[in-house]
Amino acid sequence: MRVLVTGGAGFIGTNLTRHLLELSEVDEVRILDDLSTGFRSNLDLVREARFFEGSILDFDLLGKAVDGVDSIVHLAARPSVPRSIAEPRAAHEVNSTGTLNVLEVARAAGNIHTIVASSSSVYGANPTLPKHEDLATRPVSPYAASKLATESYTLAWQHSYGLPTLAFRFFNVYGPLQAAGHAYAAAIPTFIDAAINNRLIPLHGDGTQSRDFTYVGTVAAVITRCVIERITSPTPVNLAFGSNITLNEVIEGIGRELNQSVDVEYLPSRPGDVKHSQAANAELARLLPHLQPVSFDDGLRATVDWFRKL
Ligand SMILES: NC(=O)c1ccc[n+]([C@@H]2O[C@H](COP(=O)([O-])OP(=O)(O)OC[C@H]3O[C@@H](n4cnc5c(N)ncnc54)[C@H](O)[C@@H]3O)[C@@H](O)[C@H]2O)c1
């Protein structure tokens, strides 16, 4: 089978592409990416993939990339909450309009199976824990609103046009290839990078905020199974396993893996950040009953090892 991964030069996309390329069922992987937050160097890790350089806002290019594929995994997006607060219109254009473009080419090409990346941020200000998919969504950032549009359009295309789709709500994904050292970097790579380079770990808030961290290898394994088995769902599905790890525990774990003491610089909380995030995962378990996630300790070890080799 042939698979198109939008955003395939990014963190999750490159890990996923590597996973897909290992499978005998997969004959070809294509990547469409504008390299805005993804990296050309990531493409060196997936040389067998065919690369289309450009934007999901370029409808003609999307049409070429999709021609002849059996499945689309749509990961391309402007992925940061703070960046969306700084540049809300760009978040809307790429995440909402861009998704609509992907769905339209999937439909025009004969209803191609399409998996899209939504986000736990759609739960936003809803305080109920764990987050189960039936909860009311209450986005608190332009990014979250644009991701709600991503999954809403996807479900609407399934119901209106019979497009076979699956919208996953990713929680906090971490692992090798996640970039540190830029203004909108995620917590785990930022912390590891600081600790390895003997800098203070910049921590927004008091570190008691918790997240359902999901190892990228687990995310890649889940998506791969869903591509191969052409799994669909009429409702969005959490892609996480119900862990609730505080940022203080992450920092302790990094110190343990590096076998060194780590010092923290406490900074103000950021607007748009939620205090706790934890998934209910009954729906995911129903779709993929045998899939076991990589544990947080093992995932953190693999991530720290990867940073050490940089
Ligand atoms: N990493 C997480 O914890 C997390 C959590 C929730 C949702 N997600 C979603 O997962 C997806 C992948 O995120 P990631 O963490 O790998 O981020 P990433 O920034 O590494 O990957 C996004 C990729 O999309 C590409 N891209 C951006 N705009 C594009 C455009 N207009 N056209 C084509 N390509 C474009 C970027 O260059 C990049 O390679 C995103 O949709 C993101 O919103 C990620």
# chains A, B, ... in the order shown; residues from 1 in each chain; ligands from 1
call {"tool": "closest_atom_pairs", "arguments": {"of": "chain A", "to": "ligand 1", "cutoff": "7 Å", "atoms": "only C-alpha atoms and all ligand atoms", "output": "tab-separated table"}}
result
residue	atom	partner	partner_atom_place_in_ligand_line	distance
A:Thr6	CA	ligand 1	34 (N)	6.0
A:Gly7	CA	ligand 1	24 (O)	3.5
A:Gly8	CA	ligand 1	39 (O)	5.7
A:Ala9	CA	ligand 1	39 (O)	4.2
A:Gly10	CA	ligand 1	39 (O)	3.2
A:Phe11	CA	ligand 1	20 (O)	3.8
A:Ile12	CA	ligand 1	16 (O)	3.7
A:Gly13	CA	ligand 1	16 (O)	5.5
A:Leu32	CA	ligand 1	33 (C)	5.9
A:Asp33	CA	ligand 1	34 (N)	3.6
A:Asp34	CA	ligand 1	34 (N)	4.3
A:Leu35	CA	ligand 1	37 (O)	3.6
A:Ser36	CA	ligand 1	37 (O)	3.9
A:Thr37	CA	ligand 1	37 (O)	3.9
A:Gly38	CA	ligand 1	39 (O)	3.1
A:Phe39	CA	ligand 1	39 (O)	6.5
A:Gly54	CA	ligand 1	33 (C)	5.8
A:Ser55	CA	ligand 1	32 (N)	3.2
A:Ile56	CA	ligand 1	32 (N)	4.1
A:Leu57	CA	ligand 1	31 (N)	5.8
A:Leu75	CA	ligand 1	41 (O)	4.1
A:Ala76	CA	ligand 1	24 (O)	3.4
A:Ala77	CA	ligand 1	27 (C)	4.3
A:Arg78	CA	ligand 1	27 (C)	5.1
A:Pro79	CA	ligand 1	43 (O)	4.1
A:Val94	CA	ligand 1	31 (N)	5.0
A:Gly98	CA	ligand 1	31 (N)	6.7
A:Ala117	CA	ligand 1	41 (O)	4.8
A:Ser118	CA	ligand 1	7 (C)	5.4
A:Ser119	CA	ligand 1	6 (C)	4.0
A:Ser120	CA	ligand 1	6 (C)	6.2
A:Arg169	CA	ligand 1	6 (C)	6.6
A:Phe170	CA	ligand 1	6 (C)	4.3
A:Phe171	CA	ligand 1	5 (C)	5.0
A:Asn172	CA	ligand 1	3 (O)	3.8
A:Val173	CA	ligand 1	3 (O)	3.6
A:Tyr174	CA	ligand 1	3 (O)	6.3
A:Gln178	CA	ligand 1	20 (O)	6.7
call {"tool": "write_last_selection", "arguments": {"atoms": "C-alpha atoms", "output": "mmCIF file, in the first residue's frame"}}
result
data_model
loop_
_atom_site.group_PDB
_atom_site.id
_atom_site.type_symbol
_atom_site.label_atom_id
_atom_site.label_comp_id
_atom_site.auth_asym_id
_atom_site.auth_seq_id
_atom_site.Cartn_x
_atom_site.Cartn_y
_atom_site.Cartn_z
ATOM 1 C CA THR A 6 1.627 15.334 5.697
ATOM 2 C CA GLY A 7 4.058 16.931 8.117
ATOM 3 C CA GLY A 8 6.309 13.900 7.625
ATOM 4 C CA ALA A 9 9.524 15.904 8.140
ATOM 5 C CA GLY A 10 8.409 16.829 11.668
ATOM 6 C CA PHE A 11 8.892 15.087 14.977
ATOM 7 C CA ILE A 12 5.974 12.648 14.946
ATOM 8 C CA GLY A 13 5.899 12.424 11.149
ATOM 9 C CA LEU A 32 4.414 16.453 2.032
ATOM 10 C CA ASP A 33 5.988 19.124 4.219
ATOM 11 C CA ASP A 34 6.855 22.807 3.899
ATOM 12 C CA LEU A 35 9.748 22.434 6.388
ATOM 13 C CA SER A 36 8.385 25.310 8.476
ATOM 14 C CA THR A 37 8.954 23.441 11.750
ATOM 15 C CA GLY A 38 10.159 20.143 10.283
ATOM 16 C CA PHE A 39 13.762 19.533 9.252
ATOM 17 C CA GLY A 54 5.404 22.571 -0.102
ATOM 18 C CA SER A 55 2.319 23.503 1.824
ATOM 19 C CA ILE A 56 -1.008 21.806 2.445
ATOM 20 C CA LEU A 57 -2.420 25.199 1.462
ATOM 21 C CA LEU A 75 0.017 15.599 10.741
ATOM 22 C CA ALA A 76 1.006 18.916 9.114
ATOM 23 C CA ALA A 77 0.103 21.816 11.385
ATOM 24 C CA ARG A 78 1.436 24.797 13.264
ATOM 25 C CA PRO A 79 1.692 22.882 16.504
ATOM 26 C CA VAL A 94 -2.753 25.894 8.319
ATOM 27 C CA GLY A 98 -5.207 23.116 5.587
ATOM 28 C CA ALA A 117 -4.036 14.665 14.345
ATOM 29 C CA SER A 118 -6.208 16.559 16.758
ATOM 30 C CA SER A 119 -5.125 17.438 20.268
ATOM 31 C CA SER A 120 -6.025 17.077 23.937
ATOM 32 C CA ARG A 169 -6.542 13.474 20.013
ATOM 33 C CA PHE A 170 -2.821 13.297 20.799
ATOM 34 C CA PHE A 171 -1.817 14.183 24.330
ATOM 35 C CA ASN A 172 1.784 15.187 25.141
ATOM 36 C CA VAL A 173 3.929 13.211 22.737
ATOM 37 C CA TYR A 174 7.674 13.045 23.445
ATOM 38 C CA GLN A 178 11.536 16.343 19.170
#
call {"tool": "residues_around", "arguments": {"residues": "A:Ala145", "least_positions_apart": "3", "cutoff": "9 Å", "atoms": "only C-alpha atoms", "output": "list of chain:residue names"}}
result
A:His92, A:Ser96, A:Ser121, A:Val122, A:Arg138, A:Pro139, A:Val140, A:Ser141, A:Pro142, A:Leu148, A:Ala149, A:Thr150
call {"tool": "select_by_dssp", "arguments": {"residues": "stretch 232-275 of chain A", "states": "helix (DSSP H, G or I)", "output": "list of chain:residue names"}}
result
A:Leu247, A:Asn248, A:Glu249, A:Val250, A:Ile251, A:Glu252, A:Gly253, A:Ile254, A:Gly255, A:Arg256, A:Glu257, A:Leu258
call {"tool": "write_last_selection", "arguments": {"atoms": "N, CA and C atoms", "output": "JSON list (two decimals), in the first residue's frame"}}
result
[["chain", "number", "residue", "atom", "x", "y", "z"],
["A", 247, "LEU", "N", 5.46, 17.66, 35.93],
["A", 247, "LEU", "CA", 6.72, 18.16, 35.36],
["A", 247, "LEU", "C", 7.85, 17.98, 36.36],
["A", 248, "ASN", "N", 7.53, 18.07, 37.68],
["A", 248, "ASN", "CA", 8.58, 17.80, 38.68],
["A", 248, "ASN", "C", 9.08, 16.35, 38.55],
["A", 249, "GLU", "N", 8.17, 15.41, 38.30],
["A", 249, "GLU", "CA", 8.60, 14.01, 38.11],
["A", 249, "GLU", "C", 9.44, 13.85, 36.85],
["A", 250, "VAL", "N", 9.09, 14.60, 35.80],
["A", 250, "VAL", "CA", 9.90, 14.55, 34.57],
["A", 250, "VAL", "C", 11.32, 15.00, 34.88],
["A", 251, "ILE", "N", 11.42, 16.12, 35.63],
["A", 251, "ILE", "CA", 12.75, 16.67, 35.94],
["A", 251, "ILE", "C", 13.55, 15.69, 36.80],
["A", 252, "GLU", "N", 12.88, 15.07, 37.78],
["A", 252, "GLU", "CA", 13.56, 14.05, 38.59],
["A", 252, "GLU", "C", 14.06, 12.90, 37.72],
["A", 253, "GLY", "N", 13.21, 12.47, 36.79],
["A", 253, "GLY", "CA", 13.56, 11.35, 35.89],
["A", 253, "GLY", "C", 14.76, 11.70, 35.02],
["A", 254, "ILE", "N", 14.82, 12.93, 34.55],
["A", 254, "ILE", "CA", 15.95, 13.35, 33.71],
["A", 254, "ILE", "C", 17.24, 13.33, 34.54],
["A", 255, "GLY", "N", 17.14, 13.84, 35.78],
["A", 255, "GLY", "CA", 18.31, 13.82, 36.67],
["A", 255, "GLY", "C", 18.78, 12.40, 36.89],
["A", 256, "ARG", "N", 17.82, 11.49, 37.09],
["A", 256, "ARG", "CA", 18.15, 10.07, 37.32],
["A", 256, "ARG", "C", 18.84, 9.48, 36.09],
["A", 257, "GLU", "N", 18.28, 9.73, 34.91],
["A", 257, "GLU", "CA", 18.86, 9.16, 33.68],
["A", 257, "GLU", "C", 20.26, 9.71, 33.41],
["A", 258, "LEU", "N", 20.45, 11.00, 33.72],
["A", 258, "LEU", "CA", 21.75, 11.61, 33.46],
["A", 258, "LEU", "C", 22.72, 11.39, 34.62]]
call {"tool": "residues_around", "arguments": {"residues": "A:Leu291", "least_positions_apart": "2", "cutoff": "12 Å", "atoms": "only C-alpha atoms", "output": "list in words"}}
result
Gly217, Thr218, Val219, Ala220, Ala221, Val222, Ile223, Thr224, Arg225, Cys226, Leu239, Ala240, Phe241, Asn281, Leu284, Ala285, Arg286, Leu287, Leu288, Pro289, Pro293 and Val294 of chain A
call {"tool": "closest_residue", "arguments": {"among": "A:Val29, A:Ala167, A:Val46, A:Val304", "to": "A:Ala195", "atoms": "only C-alpha atoms"}}
result
A:Val304
call {"tool": "closest_residue", "arguments": {"among": "A:Glu48, A:Glu87, A:Asp70, A:Asp60", "to": "A:Glu22", "atoms": "only C-alpha atoms"}}
result
A:Glu48
call {"tool": "select_by_dssp", "arguments": {"residues": "stretch 44-250 of chain A", "states": "strand (DSSP E)", "output": "PyMOL selection string"}}
result
chain A and resi 50-53+71-74+113-119+165-170+172-174+201-204+210-211+213-215+237-239+245-246
call {"tool": "closest_residue", "arguments": {"among": "A:Glu53, A:Asp44, A:Glu151, A:Glu28", "to": "A:Gly68", "atoms": "only C-alpha atoms"}}
result
A:Glu28
call {"tool": "atom_distance", "arguments": {"atom1": "atom CA of A:Pro271", "atom2": "atom CA of A:Leu203"}}
result
13.9 Å
call {"tool": "residues_around", "arguments": {"residues": "A:Leu166", "least_positions_apart": "5", "cutoff": "6 Å", "atoms": "only C-alpha atoms", "output": "list of chain:residue names"}}
result
A:Ile115, A:Thr232, A:Ser233
call {"tool": "residues_around", "arguments": {"residues": "A:Ala86", "least_positions_apart": "3", "cutoff": "12 Å", "atoms": "only C-alpha atoms", "output": "list in words"}}
result
Arg78, Ser80, Val81, Pro82, Arg83, Arg89, Ala90, Ala91, Ser141, Pro142, Tyr143, Ala183, Tyr184, Pro271 and Gly272 of chain A
call {"tool": "atom_distance", "arguments": {"atom1": "atom CA of A:Ala144", "atom2": "atom CA of A:Ala180"}}
result
21.9 Å
call {"tool": "residues_around", "arguments": {"residues": "A:Glu25", "least_positions_apart": "6", "cutoff": "12 Å", "atoms": "only C-alpha atoms", "output": "list in words"}}
result
Met1, Arg2, Val3, His19, Asp70, Thr224, Arg225, Val227, Ile228 and Glu229 of chain A
call {"tool": "write_last_selection", "arguments": {"atoms": "N, CA and C atoms", "output": "CSV table (one decimal), in the first residue's frame"}}
result
chain,number,residue,atom,x,y,z
A,1,MET,N,0.8,-1.2,0.0
A,1,MET,CA,0.0,0.0,0.0
A,1,MET,C,0.9,1.3,0.0
A,2,ARG,N,0.3,2.4,-0.4
A,2,ARG,CA,1.0,3.6,-0.5
A,2,ARG,C,0.4,4.6,0.6
A,3,VAL,N,1.2,5.3,1.3
A,3,VAL,CA,0.7,6.1,2.4
A,3,VAL,C,1.3,7.5,2.2
A,19,HIS,N,8.6,4.0,11.0
A,19,HIS,CA,7.8,2.8,11.4
A,19,HIS,C,7.1,2.2,10.1
A,70,ASP,N,-3.2,5.0,-0.8
A,70,ASP,CA,-4.3,4.3,-0.2
A,70,ASP,C,-4.7,4.9,1.1
A,224,THR,N,0.2,3.3,12.8
A,224,THR,CA,0.6,2.3,11.8
A,224,THR,C,-0.5,1.2,11.7
A,225,ARG,N,-0.9,0.7,12.9
A,225,ARG,CA,-1.9,-0.4,12.9
A,225,ARG,C,-3.2,0.1,12.3
A,227,VAL,N,-3.6,2.4,10.0
A,227,VAL,CA,-3.4,2.5,8.6
A,227,VAL,C,-3.6,1.2,8.0
A,228,ILE,N,-2.9,0.2,8.5
A,228,ILE,CA,-2.9,-1.2,7.9
A,228,ILE,C,-4.3,-1.8,8.0
A,229,GLU,N,-4.9,-1.6,9.1
A,229,GLU,CA,-6.3,-2.2,9.3
A,229,GLU,C,-7.4,-1.3,8.9
call {"tool": "residues_around", "arguments": {"residues": "stretch 104-113 of chain A", "least_positions_apart": "3", "cutoff": "7 Å", "atoms": "only C-alpha atoms", "output": "tab-separated table (two decimals) with C-alpha atoms, in the first residue's frame"}}
result
chain	number	residue	atom	x	y	z
A	62	LEU	CA	-1.66	18.16	-2.45
A	63	GLY	CA	-3.53	16.64	-5.40
A	67	ASP	CA	-2.53	10.61	-6.48
A	70	ASP	CA	-4.34	4.25	-0.20
A	71	SER	CA	-4.09	6.14	3.07
A	72	ILE	CA	-3.30	9.64	4.33
A	100	LEU	CA	-10.15	21.06	4.84
A	101	ASN	CA	-7.83	20.93	1.81
A	163	LEU	CA	-14.87	9.55	3.80
A	164	PRO	CA	-13.29	6.78	5.94
A	165	THR	CA	-11.62	8.80	8.70
A	230	ARG	CA	-8.02	0.87	7.81
call {"tool": "decode", "arguments": {"residues": "stretch 250-263 of chain A", "atoms": "C-alpha atoms", "output": "mmCIF file, in the first residue's frame"}}
result
data_model
loop_
_atom_site.group_PDB
_atom_site.id
_atom_site.type_symbol
_atom_site.label_atom_id
_atom_site.label_comp_id
_atom_site.auth_asym_id
_atom_site.auth_seq_id
_atom_site.Cartn_x
_atom_site.Cartn_y
_atom_site.Cartn_z
ATOM 1 C CA VAL A 250 9.897 14.550 34.571
ATOM 2 C CA ILE A 251 12.750 16.673 35.940
ATOM 3 C CA GLU A 252 13.565 14.048 38.593
ATOM 4 C CA GLY A 253 13.562 11.353 35.895
ATOM 5 C CA ILE A 254 15.953 13.354 33.713
ATOM 6 C CA GLY A 255 18.313 13.824 36.668
ATOM 7 C CA ARG A 256 18.146 10.072 37.320
ATOM 8 C CA GLU A 257 18.861 9.158 33.684
ATOM 9 C CA LEU A 258 21.755 11.608 33.462
ATOM 10 C CA ASN A 259 22.952 10.653 36.931
ATOM 11 C CA GLN A 260 23.451 14.298 37.864
ATOM 12 C CA SER A 261 21.700 16.956 39.912
ATOM 13 C CA VAL A 262 19.493 19.308 37.900
ATOM 14 C CA ASP A 263 18.584 22.874 38.865
#
